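Dumped structure_39.cif below, it's mmCIF, C-alpha atoms and all ligand atoms:
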data_input
loop_
_atom_site.label_atom_id
_atom_site.label_comp_id
_atom_site.auth_asym_id
_atom_site.auth_seq_id
_atom_site.Cartn_x
_atom_site.Cartn_y
_atom_site.Cartn_z
CA MET Z 260 5.80 39.28 20.17
CA ALA Z 261 6.39 37.31 17.00
CA GLU Z 262 8.76 34.46 17.35
CA ILE Z 263 10.94 33.68 14.35
CA LYS Z 264 11.99 30.08 13.95
CA THR Z 265 15.73 29.83 13.69
CA LYS Z 266 18.32 27.29 12.67
CA ILE Z 267 22.06 27.28 13.19
CA CYS Z 268 24.30 28.20 10.29
CA PRO Z 269 26.55 25.18 9.60
CA TYR Z 270 29.44 27.49 8.70
CA CYS Z 271 29.55 30.14 11.43
CA ALA Z 272 27.17 28.62 14.02
CA GLN Z 273 25.08 31.80 14.25
CA PRO Z 274 21.28 31.57 14.49
CA ILE Z 275 19.57 32.43 11.21
CA PRO Z 276 15.91 32.29 10.12
CA GLU Z 277 14.59 28.78 9.42
CA ASP Z 278 13.75 29.53 5.78
CA ALA Z 279 16.93 31.48 5.02
CA THR Z 280 18.92 30.36 1.98
CA GLU Z 281 21.85 32.61 2.75
CA CYS Z 282 23.47 33.24 6.11
CA SER Z 283 23.23 36.89 7.13
CA HIS Z 284 26.38 36.59 9.22
CA CYS Z 285 28.88 34.89 6.90
CA ASN Z 286 26.96 34.98 3.57
CA SER Z 287 27.27 31.20 3.12
CA ILE Z 288 24.62 29.40 1.11
CA VAL Z 289 22.65 27.29 3.58
CA GLY Z 290 19.78 24.87 3.24
CA GLN Z 291 20.73 24.20 -0.33
CA LYS Z 292 18.40 21.61 -1.77
CA ARG Z 293 20.91 20.64 -4.42
CA HIS Z 294 22.97 18.77 -1.87
CA TYR Z 295 21.73 15.33 -2.88
CA LYS Z 296 22.47 12.02 -1.31
CA TRP Z 297 24.88 9.66 -3.12
CA TYR Z 298 22.14 7.10 -3.77
CA PHE Z 299 20.27 9.55 -5.98
CA LYS Z 300 23.05 9.54 -8.55
CA THR Z 301 21.98 8.31 -11.96
CA SER Z 302 24.73 5.68 -12.04
CA VAL Z 303 23.55 4.26 -8.71
CA LEU Z 304 19.97 4.27 -9.94
CA VAL Z 305 20.86 2.41 -13.14
CA THR Z 306 22.88 -0.17 -11.19
CA ALA Z 307 20.00 -0.61 -8.74
CA PHE Z 308 17.57 -1.24 -11.58
CA LEU Z 309 19.90 -3.75 -13.21
CA CYS Z 310 20.30 -5.64 -9.93
CA ALA Z 311 16.93 -5.29 -8.28
CA GLY Z 312 14.60 -4.42 -11.16
CA PRO Z 313 11.25 -3.09 -9.95
CA PHE Z 314 12.47 -3.23 -6.34
CA ALA Z 315 14.57 -0.16 -7.10
CA LEU Z 316 11.48 1.87 -7.93
CA PRO Z 317 11.24 3.59 -4.51
CA LEU Z 318 14.73 4.94 -5.11
CA LEU Z 319 13.50 6.43 -8.36
CA TRP Z 320 10.45 8.03 -6.77
CA LEU Z 321 12.46 9.58 -3.96
CA ASN Z 322 14.94 10.99 -6.45
CA PRO Z 323 14.76 14.80 -6.51
CA HIS Z 324 16.64 15.03 -9.83
CA LEU Z 325 13.76 13.75 -11.89
CA ASN Z 326 10.42 15.34 -12.55
CA TYR Z 327 7.08 13.58 -12.25
CA ARG Z 328 6.74 12.84 -15.97
CA ASN Z 329 10.15 11.17 -16.19
CA LYS Z 330 9.46 9.13 -13.06
CA ILE Z 331 6.27 7.73 -14.58
CA LEU Z 332 8.03 7.08 -17.88
CA ILE Z 333 10.96 5.25 -16.26
CA SER Z 334 8.60 3.30 -13.98
CA ILE Z 335 6.61 2.04 -16.95
CA LEU Z 336 9.80 1.10 -18.79
CA VAL Z 337 11.16 -0.77 -15.77
CA VAL Z 338 7.89 -2.63 -15.18
CA VAL Z 339 7.54 -3.62 -18.85
CA PHE Z 340 11.20 -4.67 -19.04
CA SER Z 341 10.97 -6.65 -15.79
CA TRP Z 342 7.82 -8.36 -17.01
CA TYR Z 343 9.55 -9.26 -20.27
CA VAL Z 344 12.60 -10.66 -18.46
CA TRP Z 345 10.27 -12.65 -16.19
CA VAL Z 346 8.34 -14.14 -19.16
CA VAL Z 347 11.59 -15.11 -20.89
CA PHE Z 348 12.86 -16.64 -17.65
CA VAL Z 349 9.69 -18.67 -17.06
CA ASN Z 350 9.64 -19.89 -20.66
CA SER Z 351 13.26 -20.99 -20.55
CA ALA Z 352 12.65 -22.67 -17.19
CA LYS Z 353 9.75 -24.62 -18.72
CA LEU Z 354 11.96 -25.58 -21.65
CA MET Z 355 14.65 -26.77 -19.26
CA VAL Z 356 12.17 -28.90 -17.34
CA THR Z 357 10.89 -30.45 -20.58
CA TYR Z 358 14.45 -31.07 -21.72
CA TYR Z 359 15.44 -32.81 -18.52
CA GLN Z 360 12.25 -34.87 -18.47
CA GLU Z 361 13.08 -36.05 -21.97
CA LEU Z 362 16.64 -36.76 -20.87
CA PHE Z 363 15.81 -38.86 -17.83
CA HIS Z 364 12.52 -40.37 -18.93
CA PRO Z 365 12.82 -40.83 -22.69
CA SER Z 366 9.42 -41.22 -24.29
CA PHE Z 367 10.63 -43.21 -27.28
ZN ZN Z 401 26.90 31.77 8.73
#
As structure tokens - that is how I would like this structure written.
Ligand SMILES: [Zn+2]
Amino acid sequence: MAEIKTKICPYCAQPIPEDATECSHCNSIVGQKRHYKWYFKTSVLVTAFLCAGPFALPLLWLNPHLNYRNKILISILVVVFSWYVWVVFVNSAKLMVTYYQELFHPSF
């Protein structure tokens, strides 16, 4: 006796096969993979990158919207951009330190 794995239709609460995409009782589309979470929206992703930089990368890699090639491309861009921002930040910090040293301990 073959046992078919079932799930419950969210619309009519009837048992339907686990891998069914359409309910055989009420014809509703079930198990639709296009029902994405809010945090996979592009706007959320962009905001996350602007705020957290490379720390938002896991969000990118879990995103079902994007294909593998785009994920690699965006990852490289984010890493390069973050590195650039970091270098600029470190350089300006060094400049600030030099400036304040000059200010408080004049060498002339
Ligand atoms: Zn149904």
Check: Between CA of Leu321 (chain Z) and CA of Ile335 (chain Z), what is the distance, to one decimal in Å?
Finding: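 Between these atoms lies a distance of 16.1 Å.
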Margin query: Counting only C-alpha atoms and all ligand atoms, what are the residues, protein, DNA or RNA alike, that approach ligand ZN 401 (chain Z) to within 10 Å? I want them as a PyMOL selection string.
Written below: chain Z and resi 267-275+281-289
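Using only C-alpha atoms, the nearest neighbour of Ile333 (chain Z) within the list Z:Pro317, Z:Trp345, Z:Lys300, Z:Thr280 is Z:Pro317.
Distance annotation: of Z:Thr357, Z:Ser351, Z:Thr265, Z:Ser334, the residue with the minimal separation from Leu318 (chain Z) is Z:Ser334; atom set is all atoms listed in the file.
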Item checked: Distance criterion (only C-alpha atoms): nearest to Val338 (chain Z) out of Z:Lys266, Z:Asp278, Z:Pro313, Z:Thr306 -> Z:Pro313
